[in-house]
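All remarks here apply to the structure that follows.
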Amino acid sequence: MKNLLEVKNLKTFFHSEAGVNKAVNDVSFEIPKGKTVCIVGESGSGKSITSLSILRLIDHPGEIEGGEVILDGTDLLKLSDAQMRKVRGREISMIFQEPMTSLNPSYTVGYQIDEALGLHQKHLNKKQRFEKVVDSLDLVGIPDPREKYREFPFKLSGGQRQRVMIAIAMACEPKLLIADEPTTALDVTIQAQVLDLMKELQEKKGTSILFITHDLGVVYQIADEVVVMYKGHIVEKASAKELFHNPKHPYTKALLHSIPVPGVTPRKSKLDTVDEDVDYLSFPKEIR
Amino acid sequence: MSNVIYEIKDLQKYYEINLGLFKKPKIVKALNGISFDVRRGEVLSIVGESGCGKSTTAKLILKIEEPTGGKILFNGEDITKLQHHELEEYRKKVQIIFQDPYSSLNPRWKVGAIIGEPLKLNTNMSKKEIKERVLYLMDKVGMHSDWYERYPHQFSGGQRQRIGIARALALNPEIIVCDEPVSALDVSIQAQVLNLLLDLQKEFNLTYIFISHDLSVVEHISDRIVVMYFGDIVELKSVDDLFRNPEADYTKKLLSAIPTIKD
């Protein structure tokens with residue numbers, strides 16, 4: 001089978017007194033094995049809710065109303081809660097945007113990686129787990145992994161913390177890694193390192209990556225396939241090369257033209273903007 | 001008036017960190033004696049990673065903090081020595097636009113009151129005059145006059161940043177310090193705010209000190225760029241020069257790290 005994950009007609013709605021907010025409305029896409037798919041869109045376009053729906057981490061008042069999320073032939077939406085818990089962390093894991101807040105400040109770095117292994121790889125004993133944690137710290141490029149095992153998160157820089165998050169996510173060698181804006185809070189030079197690391201791990205382990213971002217420069221660096229979301233819908237889906245060189249949907253075009261490109265966009269010229277008065281959903285969707 | 005608005009000479013800022021009663025305090029050197037000037041009517045950008053001292057520089061220029069050593073000459077006058085009335089006058093000429101449009105506006109105040117506050121405090125305009133001025137400013141930043149009575153939470157991030165810009169313009173400043181004004185915004189909104197900043201600069205002959213870590217944005221908007229690294233200036237050049245032939249190793253590293261949509 002070529003595709004690791006298939007999302008079909010996914011619908012996630014939020015119910016409130018003011019009415020129904022269709023955060024994700026009939027979204028379908030595939031993630032091939034060993035490839036990187038990027039979801040791009042503005043805040044509120046539904047890109048984060050899509051990834052949380054895949055992991056079934058939607059809380060009340062949100063509700064997954066319909067569709068299928070098929071991982072290697074099994075529909076995740078039909079699993080029991082207990083079965084789903086085994087998928088999270090083992091088959092699919094996630095990295096969040098804020099490395100400062102997503103680690104527990106009162107446990108050591110090593111303990112937090114060990115926790116994931118202890119939950120999902122019960123056949124390992126303590127010593128084997130320790131070695132595995134050290135290996136994974138080494139793999140993500142943390143110097144002196146044996147020393148760093150006992151450090152608390154506050155002693156690490158933002159980039160190192162994000163590396164630890166990646167180590168936790170990769171500890172059980174998941175098939176799919178979901179990264180929700182993993183580099184947005186980092187400096188450009190550190191961002192480049194983290195992106196390189198993710199690409200390297202993908203080559204070594206064959207992991208598929210679902211990458212969520214609003215930074216089109218990052219998309220160009222890392223994506224094989226791109227999904228453009230707008231107000232809960234997918235408006236364009238194409239390979240990265242095609243999307244950047246030949247965007248078809250008016251929304252994608254507006255988005256691409258709104259960022260200045262050094263050396264291409266005339267300096268201090270007026271940038272194109274995404275027009276708030278245009279209903280981009282009225283154009284036909286471009287799905288290639 | 002001379003062409004140079006700011007002359008910054010050997011500016012230093014050290015922070016002391018107390019390690020305990022009987023220990024010597026540790027000294028963190030945020031700025032190691034930097035010198036540069038800001039020319040009238042230009043956009044001077046300061047770039048560098050977190051902790052390099054770019055925000056410290058802004059705080060010293062705005063006189064939110066006092067320097068450990070060095071001079072900041074504003075139109076030839078050393079602002080580190082300003083007192084009371086002179087300081088008030090200085091603050092009217094220098095304004096700031098903050099990074100986060102969500103936390104920099106008072107949620108309990110209406111838009112009209114937020115933009116009018118500097119006028120109320122610093123001028124003896126009547127209520128009617130203030131309202132007229134506020135409506136004029138709102139028009140300039142592209143906001144509808146009906147929004148005068150609204151609260152900040154009724155607006156999106158980009159609209160809120162417009163409120164912040166209107167407030168900064170209220171007193172007709174000479175210089176505006178923009179501290180990462182677009183980094184909290186979506187790309188599509190970012191373009192609108194950049195367009196607005198450039199339009200306003202032309203119309204009001206403003207000088208911007210633009211602090212950012214986004215080099216694509218900096219390249220688009222600036223005339224000259226200061227690259228900072230751990231409290232020192234590693235390079236100060238015109239945009240063209242910096243992007244065409246970067247000299248310092250750190251600048252090269254920084255430029256190669258920008259993710260761009262180009263092969």
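Just remember, in the structure tokens the first chain shown is A, the second B, etc., residues are 1-based per chain, and ligands are 1-based in the order shown.
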A:Asp187 environment, 8 Å, only C-alpha atoms, sequence neighbours closer than 3 positions dropped, as number ranges by chain = A: 190-191; B: 49-50, 213
Report the closest atom pair, with its distance in Å rounded to one decimal, for each residue of chain B that has an atom no farther than 10 Å from chain A; count only C-alpha atoms, sort by chain and then rising residue number, and write it as CSV.
residue,atom,partner,partner_atom,distance
B:Gly48,CA,A:Asp187,CA,8.6
B:Glu49,CA,A:Asp187,CA,5.7
B:Ser50,CA,A:Asp187,CA,6.9
B:Ser183,CA,A:Thr184,CA,9.8
B:Leu185,CA,A:Ser43,CA,9.0
B:Asp186,CA,A:Glu42,CA,5.9
B:Val187,CA,A:Ile259,CA,6.6
B:Ser188,CA,A:Val274,CA,5.5
B:Ile189,CA,A:Thr273,CA,7.2
B:Gln190,CA,A:Ser258,CA,7.9
B:Ala191,CA,A:Ser258,CA,5.4
B:Gln192,CA,A:Thr273,CA,6.1
B:Val193,CA,A:Thr273,CA,9.8
B:Leu194,CA,A:Leu271,CA,8.0
B:Asn195,CA,A:Lys270,CA,5.7
B:Leu196,CA,A:Lys270,CA,9.1
B:Leu198,CA,A:Lys268,CA,7.0
B:Asp199,CA,A:Lys270,CA,9.0
B:His213,CA,A:Asp187,CA,7.3
B:Asp214,CA,A:Val188,CA,7.8
B:Leu215,CA,A:Pro262,CA,8.4
B:Ser216,CA,A:Pro262,CA,5.8
B:Val217,CA,A:Pro260,CA,6.4
B:Val218,CA,A:Pro262,CA,9.2
B:Glu219,CA,A:Pro262,CA,6.1
B:His220,CA,A:Arg267,CA,4.9
B:Ile221,CA,A:Lys268,CA,5.4
B:Ser222,CA,A:Lys268,CA,8.0
B:Asp223,CA,A:Arg267,CA,9.3
B:Val239,CA,A:Arg267,CA,9.7
B:Asp240,CA,A:Gly263,CA,9.2
B:Phe243,CA,A:Pro262,CA,8.4
B:Arg244,CA,A:Gly263,CA,9.5
B:Tyr250,CA,A:Thr189,CA,9.9
B:Lys253,CA,A:Thr189,CA,7.3
B:Leu254,CA,A:Thr189,CA,6.2
B:Leu255,CA,A:Thr189,CA,9.0
B:Ser256,CA,A:Thr189,CA,8.5
B:Ala257,CA,A:Thr189,CA,5.4
B:Ile258,CA,A:Val188,CA,6.4
B:Pro259,CA,A:Gly217,CA,4.6
B:Thr260,CA,A:Gly217,CA,4.6
B:Ile261,CA,A:Gly217,CA,5.5
B:Lys262,CA,A:Val261,CA,8.2
B:Asp263,CA,A:Tyr220,CA,9.4
Spatial neighbours of A:Thr12, 9 Å, only C-alpha atoms, chain gap at least 4 places, as a PDB file with C-alpha atoms, in the first residue's frame:
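Heads up, here's the output in part_1.pdb:
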ATOM      1  CA  ASN A  21     -18.813  26.452  13.582  1.00  0.00           C
ATOM      2  CA  LYS A  22     -17.689  24.145  10.809  1.00  0.00           C
ATOM      3  CA  ALA A  23     -13.972  24.207  11.643  1.00  0.00           C
ATOM      4  CA  VAL A  24     -13.128  21.305   9.352  1.00  0.00           C
ATOM      5  CA  ASN A  25     -15.659  20.786   6.608  1.00  0.00           C
ATOM      6  CA  ASP A  26     -15.321  17.811   4.289  1.00  0.00           C
ATOM      7  CA  ILE A  49      -8.161  21.047  14.209  1.00  0.00           C
ATOM      8  CA  THR A  50      -7.548  18.674  11.294  1.00  0.00           C
ATOM      9  CA  SER A  53      -9.012  15.219  14.753  1.00  0.00           C
ATOM     10  CA  ILE A  58     -11.061  17.104  20.089  1.00  0.00           C
ATOM     11  CA  GLY A  62     -16.073  20.090  19.383  1.00  0.00           C
ATOM     12  CA  GLU A  63     -17.308  16.937  17.718  1.00  0.00           C
ATOM     13  CA  ILE A  64     -16.006  14.822  14.859  1.00  0.00           C
ATOM     14  CA  GLU A  65     -19.200  14.614  12.842  1.00  0.00           C
ATOM     15  CA  GLY A  66     -18.222  12.322  10.063  1.00  0.00           C
TER      16      GLY A  66
END
message = When you look at B:Lys81 with a cut-off of 12 Å (counting only C-alpha atoms), what residues show up, excluding the ones that are within fewer than 5 positions of it in the same chain? I need them as a PyMOL selection string.
response = chain B and resi 63+66-67+69-74+86-87+90
Could the residues in this selection be written to a file with N, CA, C and O atoms, as a PDB file, in the first residue's frame?
ATOM      1  N   LYS B  63      14.060  55.096  26.419  1.00  0.00           N
ATOM      2  CA  LYS B  63      14.280  55.491  27.814  1.00  0.00           C
ATOM      3  C   LYS B  63      13.363  54.743  28.777  1.00  0.00           C
ATOM      4  O   LYS B  63      12.885  55.289  29.770  1.00  0.00           O
ATOM      5  N   GLU B  66      17.791  52.612  31.735  1.00  0.00           N
ATOM      6  CA  GLU B  66      18.957  53.484  31.695  1.00  0.00           C
ATOM      7  C   GLU B  66      20.183  52.690  31.264  1.00  0.00           C
ATOM      8  O   GLU B  66      20.395  51.567  31.731  1.00  0.00           O
ATOM      9  N   PRO B  67      21.019  53.262  30.389  1.00  0.00           N
ATOM     10  CA  PRO B  67      22.223  52.538  29.984  1.00  0.00           C
ATOM     11  C   PRO B  67      23.282  52.517  31.092  1.00  0.00           C
ATOM     12  O   PRO B  67      23.296  53.397  31.953  1.00  0.00           O
ATOM     13  N   GLY B  69      26.509  52.611  30.278  1.00  0.00           N
ATOM     14  CA  GLY B  69      27.492  53.580  29.802  1.00  0.00           C
ATOM     15  C   GLY B  69      27.190  53.965  28.376  1.00  0.00           C
ATOM     16  O   GLY B  69      26.392  53.320  27.701  1.00  0.00           O
ATOM     17  N   GLY B  70      27.818  55.046  27.911  1.00  0.00           N
ATOM     18  CA  GLY B  70      27.626  55.465  26.530  1.00  0.00           C
ATOM     19  C   GLY B  70      26.614  56.587  26.398  1.00  0.00           C
ATOM     20  O   GLY B  70      26.041  57.039  27.388  1.00  0.00           O
ATOM     21  N   LYS B  71      26.437  57.037  25.190  1.00  0.00           N
ATOM     22  CA  LYS B  71      25.567  58.188  24.947  1.00  0.00           C
ATOM     23  C   LYS B  71      24.545  57.879  23.869  1.00  0.00           C
ATOM     24  O   LYS B  71      24.817  57.143  22.927  1.00  0.00           O
ATOM     25  N   ILE B  72      23.366  58.462  24.004  1.00  0.00           N
ATOM     26  CA  ILE B  72      22.381  58.448  22.920  1.00  0.00           C
ATOM     27  C   ILE B  72      22.064  59.908  22.614  1.00  0.00           C
ATOM     28  O   ILE B  72      21.452  60.595  23.428  1.00  0.00           O
ATOM     29  N   LEU B  73      22.533  60.397  21.480  1.00  0.00           N
ATOM     30  CA  LEU B  73      22.249  61.786  21.113  1.00  0.00           C
ATOM     31  C   LEU B  73      21.039  61.809  20.183  1.00  0.00           C
ATOM     32  O   LEU B  73      21.040  61.176  19.136  1.00  0.00           O
ATOM     33  N   PHE B  74      19.999  62.560  20.604  1.00  0.00           N
ATOM     34  CA  PHE B  74      18.792  62.716  19.788  1.00  0.00           C
ATOM     35  C   PHE B  74      18.778  64.157  19.304  1.00  0.00           C
ATOM     36  O   PHE B  74      18.713  65.083  20.122  1.00  0.00           O
ATOM     37  N   GLU B  86      11.803  68.004  30.016  1.00  0.00           N
ATOM     38  CA  GLU B  86      12.516  67.681  28.781  1.00  0.00           C
ATOM     39  C   GLU B  86      12.221  66.246  28.367  1.00  0.00           C
ATOM     40  O   GLU B  86      12.051  65.933  27.196  1.00  0.00           O
ATOM     41  N   LEU B  87      12.130  65.386  29.374  1.00  0.00           N
ATOM     42  CA  LEU B  87      11.851  63.980  29.112  1.00  0.00           C
ATOM     43  C   LEU B  87      10.458  63.811  28.513  1.00  0.00           C
ATOM     44  O   LEU B  87      10.259  63.065  27.560  1.00  0.00           O
ATOM     45  N   TYR B  90      10.595  64.774  24.975  1.00  0.00           N
ATOM     46  CA  TYR B  90      11.275  63.746  24.193  1.00  0.00           C
ATOM     47  C   TYR B  90      10.330  62.589  23.890  1.00  0.00           C
ATOM     48  O   TYR B  90      10.245  62.103  22.770  1.00  0.00           O
TER      49      TYR B  90
END
query = What does the distance from atom CA of A:Ile212 to atom CA of B:Thr251 come to in Å, to one decimal?
reply =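 Interatomic distance, atom CA of A:Ile212 to atom CA of B:Thr251: 28.5 Å.
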Using backbone DSSP assignments, extract all strand (DSSP E or B) residues from stretch 14-218 of chain A; output them as a compact mmCIF listing (two decimals) with C-alpha atoms, in the first residue's frame.
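Everything below was put into states.txt:
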# COMPACT_ATOMS: atom_id res chain seq x y z
CA PHE A 14 -17.92 23.11 17.18
CA HIS A 15 -21.33 23.67 18.71
CA SER A 16 -22.12 26.80 20.65
CA GLY A 19 -24.57 28.21 16.16
CA VAL A 20 -22.38 25.60 14.55
CA ASN A 21 -18.81 26.45 13.58
CA LYS A 22 -17.69 24.14 10.81
CA ALA A 23 -13.97 24.21 11.64
CA VAL A 24 -13.13 21.30 9.35
CA ASN A 25 -15.66 20.79 6.61
CA ASP A 26 -15.32 17.81 4.29
CA VAL A 27 -11.55 17.53 4.17
CA SER A 28 -9.86 14.67 2.29
CA PHE A 29 -6.16 14.05 1.74
CA GLU A 30 -3.57 11.28 1.83
CA ILE A 31 -0.14 10.94 3.39
CA PRO A 32 2.15 8.61 1.41
CA THR A 36 6.06 14.97 4.12
CA VAL A 37 2.68 16.60 3.65
CA CYS A 38 2.24 20.23 4.70
CA ILE A 39 -1.03 21.86 5.61
CA VAL A 40 -0.86 25.63 5.16
CA GLY A 62 -16.07 20.09 19.38
CA GLU A 63 -17.31 16.94 17.72
CA ILE A 64 -16.01 14.82 14.86
CA GLU A 65 -19.20 14.61 12.84
CA GLY A 66 -18.22 12.32 10.06
CA GLY A 67 -15.62 10.92 7.73
CA GLU A 68 -12.86 8.38 8.01
CA VAL A 69 -9.25 8.50 9.17
CA ILE A 70 -7.62 5.33 7.85
CA LEU A 71 -4.19 4.43 9.18
CA THR A 74 -7.86 0.71 10.19
CA ASP A 75 -10.36 3.50 10.68
CA ARG A 88 -1.21 7.78 20.17
CA ILE A 92 1.22 8.52 15.56
CA SER A 93 2.96 11.09 17.70
CA MET A 94 2.87 14.83 17.81
CA ILE A 95 5.18 17.80 18.33
CA LEU A 176 3.45 9.18 11.44
CA LEU A 177 4.79 12.31 13.08
CA ILE A 178 2.44 15.28 13.30
CA ALA A 179 4.29 18.56 13.76
CA ASP A 180 2.08 21.56 14.56
CA SER A 208 5.80 10.08 7.34
CA ILE A 209 5.37 13.66 8.50
CA LEU A 210 2.29 15.84 8.61
CA PHE A 211 3.62 19.36 8.96
CA ILE A 212 1.37 22.24 9.88
CA THR A 213 2.57 25.77 9.34
task = Please provide the set of residues having any atom within 9 Å of stretch 235-237 of chain A, restricted to only C-alpha atoms, with same-chain residues fewer than 2 positions apart removed, written as a list of chain:residue names.
result = A:Phe29, A:Glu225, A:Val226, A:Val227, A:Val228, A:Met229, A:Tyr230, A:His233, A:Ser239, A:Leu243, A:Pro247, A:Lys248, A:His249, A:Tyr251, A:Thr252, A:Tyr280, A:Leu281, A:Phe283, A:Pro284, A:Lys285, A:Glu286, A:Ile287, A:Arg288
